[in-house]
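Have a look at the structure below, then the notes.
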Amino acid sequence: MSGNSRLTLAVHTLAWMARRMVDYGDQYDFSTSREIAESVNTNPVTLRELLGMMEEQGLVTVQRGSNAGWKLARKPEEITLLEVYKVVKPHTMFTLHHTPPNPKCPIGCGIGPALQGIYANVQDAMEQELAHTTITDVLRDTLASTATHSRQNE
């Protein structure tokens, strides 16, 4: 699974949990990976791997046993997408060559340093945006998109 799809699946999962928290208030309870997987349209095993990673970082909690399931460990407005990103993809977006380019070539010897600065700037900009976006923001925008879509299909 690519890093980008892992982030998308993790954010989808957290937004789904946040919606349940909003809908059920104090009655909000643990959800099974199977319930969440129906929305995400993926295998529950795939989600359990992501949920386990998120549990280790304090984004979700797990309850084991007969009423097993998952729920948010914090309020959705306290969870940023940067935190989620770091859980599922802790490395930078871009990497340089897997094998060093030809050092005798004018492009080969200079491409690494040239790209390192560009990639660092892109990484910083992305992380700043993710740091300012919470699961609550994603849930709000998702529900607004759903409402717009529903009105267009009436």
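In the structure tokens, each chain is lettered A, B, ... as it comes, each chain's residues begin at 1, and ligands are numbered from 1 in order of appearance.
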
Notebook entry, point to check: Residues at most 12 Å from segment 17-23 of chain A, counting only C-alpha atoms, excluding those fewer than 4 positions away in the same chain, as a count of residues only?
Noted result: 40

Item checked: Per-residue DSSP, chain A, filtered to alpha helix (DSSP H), as a ChimeraX atom specification -> /A:3-24,33-40,44-56,81-88,106-131,135-152

Using only C-alpha atoms, which residues sit within 12 Å of Ile111 of chain A once same-chain residues fewer than 5 positions away are excluded, as a PDB file with N, CA, C and O atoms, in the first residue's frame?
ATOM      1  N   LEU A  96      15.833  10.712  -3.098  1.00  0.00           N
ATOM      2  CA  LEU A  96      16.751  10.828  -4.226  1.00  0.00           C
ATOM      3  C   LEU A  96      17.005   9.446  -4.823  1.00  0.00           C
ATOM      4  O   LEU A  96      16.419   8.456  -4.392  1.00  0.00           O
ATOM      5  N   HIS A  97      17.873   9.385  -5.763  1.00  0.00           N
ATOM      6  CA  HIS A  97      18.196   8.135  -6.462  1.00  0.00           C
ATOM      7  C   HIS A  97      18.479   6.991  -5.485  1.00  0.00           C
ATOM      8  O   HIS A  97      19.105   7.205  -4.455  1.00  0.00           O
ATOM      9  N   PRO A 100      23.572   5.990  -6.609  1.00  0.00           N
ATOM     10  CA  PRO A 100      24.119   7.308  -6.950  1.00  0.00           C
ATOM     11  C   PRO A 100      24.266   7.491  -8.462  1.00  0.00           C
ATOM     12  O   PRO A 100      24.693   6.574  -9.167  1.00  0.00           O
ATOM     13  N   PRO A 101      23.907   8.678  -8.972  1.00  0.00           N
ATOM     14  CA  PRO A 101      24.096   8.937 -10.397  1.00  0.00           C
ATOM     15  C   PRO A 101      25.591   9.098 -10.719  1.00  0.00           C
ATOM     16  O   PRO A 101      26.422   9.195  -9.815  1.00  0.00           O
ATOM     17  N   ASN A 102      25.871   9.157 -11.966  1.00  0.00           N
ATOM     18  CA  ASN A 102      27.256   9.264 -12.436  1.00  0.00           C
ATOM     19  C   ASN A 102      27.865  10.584 -11.956  1.00  0.00           C
ATOM     20  O   ASN A 102      27.435  11.661 -12.372  1.00  0.00           O
ATOM     21  N   PRO A 103      28.895  10.535 -11.096  1.00  0.00           N
ATOM     22  CA  PRO A 103      29.493  11.764 -10.571  1.00  0.00           C
ATOM     23  C   PRO A 103      30.310  12.531 -11.614  1.00  0.00           C
ATOM     24  O   PRO A 103      30.624  13.701 -11.403  1.00  0.00           O
ATOM     25  N   CYS A 105      29.150  13.110 -14.637  1.00  0.00           N
ATOM     26  CA  CYS A 105      28.175  13.802 -15.477  1.00  0.00           C
ATOM     27  C   CYS A 105      27.807  15.117 -14.797  1.00  0.00           C
ATOM     28  O   CYS A 105      27.563  15.146 -13.586  1.00  0.00           O
ATOM     29  N   PRO A 106      27.743  16.232 -15.541  1.00  0.00           N
ATOM     30  CA  PRO A 106      27.403  17.511 -14.910  1.00  0.00           C
ATOM     31  C   PRO A 106      26.000  17.510 -14.272  1.00  0.00           C
ATOM     32  O   PRO A 106      25.761  18.201 -13.284  1.00  0.00           O
ATOM     33  N   GLN A 116      17.385  18.313  -3.334  1.00  0.00           N
ATOM     34  CA  GLN A 116      17.214  18.259  -1.880  1.00  0.00           C
ATOM     35  C   GLN A 116      16.535  19.515  -1.343  1.00  0.00           C
ATOM     36  O   GLN A 116      15.629  19.428  -0.524  1.00  0.00           O
ATOM     37  N   GLY A 117      16.942  20.672  -1.798  1.00  0.00           N
ATOM     38  CA  GLY A 117      16.331  21.925  -1.340  1.00  0.00           C
ATOM     39  C   GLY A 117      14.878  22.045  -1.769  1.00  0.00           C
ATOM     40  O   GLY A 117      14.018  22.448  -0.982  1.00  0.00           O
ATOM     41  N   ILE A 118      14.613  21.674  -3.015  1.00  0.00           N
ATOM     42  CA  ILE A 118      13.236  21.736  -3.517  1.00  0.00           C
ATOM     43  C   ILE A 118      12.352  20.784  -2.731  1.00  0.00           C
ATOM     44  O   ILE A 118      11.264  21.152  -2.270  1.00  0.00           O
ATOM     45  N   TYR A 119      12.818  19.559  -2.570  1.00  0.00           N
ATOM     46  CA  TYR A 119      12.028  18.555  -1.848  1.00  0.00           C
ATOM     47  C   TYR A 119      11.793  18.972  -0.395  1.00  0.00           C
ATOM     48  O   TYR A 119      10.700  18.770   0.143  1.00  0.00           O
TER      49      TYR A 119
END

Next item on the list: Determine the nearest neighbour of Thr8 of chain A from the options A:Tyr85, A:Thr99, A:Ser66, A:Gly58, counting only C-alpha atoms.
Entry: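 With only C-alpha atoms as the atom set, the closest residue is A:Tyr85.
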
Name the residues in contact with Glu83 of chain A at a cut-off of 10 Å, using only C-alpha atoms, excluding same-chain residues fewer than 6 positions from it; report them as a compact mmCIF listing (two decimals) with N, CA and C atoms, in the first residue's frame.
# COMPACT_ATOMS: atom_id res chain seq x y z
N MET A 54 -2.08 3.72 14.75
CA MET A 54 -2.65 4.93 15.34
C MET A 54 -2.83 4.78 16.86
N GLN A 57 0.32 5.64 18.76
CA GLN A 57 0.59 7.08 18.85
C GLN A 57 -0.51 7.85 19.58
N GLY A 58 -1.46 7.15 20.17
CA GLY A 58 -2.46 7.81 20.99
C GLY A 58 -3.58 8.49 20.23
N LEU A 59 -3.81 8.10 18.98
CA LEU A 59 -4.92 8.69 18.22
C LEU A 59 -6.22 7.93 18.44
N LYS A 89 3.13 7.50 7.58
CA LYS A 89 4.20 7.73 6.60
C LYS A 89 5.23 8.66 7.21
N PRO A 90 6.07 8.16 8.12
CA PRO A 90 6.97 9.07 8.84
C PRO A 90 8.15 9.59 8.03
N GLU A 127 3.60 19.76 5.29
CA GLU A 127 3.44 19.54 6.72
C GLU A 127 2.78 20.72 7.40
N LEU A 130 -0.95 20.31 6.70
CA LEU A 130 -1.50 19.21 7.49
C LEU A 130 -1.61 19.59 8.97
N ALA A 131 -0.66 20.37 9.46
CA ALA A 131 -0.66 20.77 10.87
C ALA A 131 -1.84 21.69 11.20
N THR A 134 -7.58 19.64 11.00
CA THR A 134 -7.94 18.62 11.99
C THR A 134 -8.95 17.62 11.41

Checklist line | Residues of segment 42-150 of chain A in strand (DSSP E), written as a list in words | finding: Val60, Thr61, Val62, Gln63, Gly69, Trp70, Lys71 and Leu72 of chain A

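Between His132 of chain A and the residues A:Thr80, A:Met93, A:Asn153, A:Pro113, the shortest atom-to-atom distance, using only C-alpha atoms, involves A:Thr80.
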
Check: Quick one: of A:Arg64, A:Lys86, A:Arg34, A:Arg48, who's nearest to Met126 of chain A, counting only C-alpha atoms?
Finding: A:Lys86

Next item on the list: Tell me, in Å to one decimal, how far atom CA of Val84 of chain A is from atom CA of Tyr24 of chain A.
Entry: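 Between these atoms lies a distance of 23.7 Å.
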
Checklist line | Distance criterion (only C-alpha atoms): nearest to Ala125 of chain A out of A:Gln152, A:Ser5, A:Thr92, A:Asn67 | finding: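 Between A:Gln152, A:Ser5, A:Thr92, A:Asn67, the residue approaching Ala125 of chain A most closely is A:Thr92.
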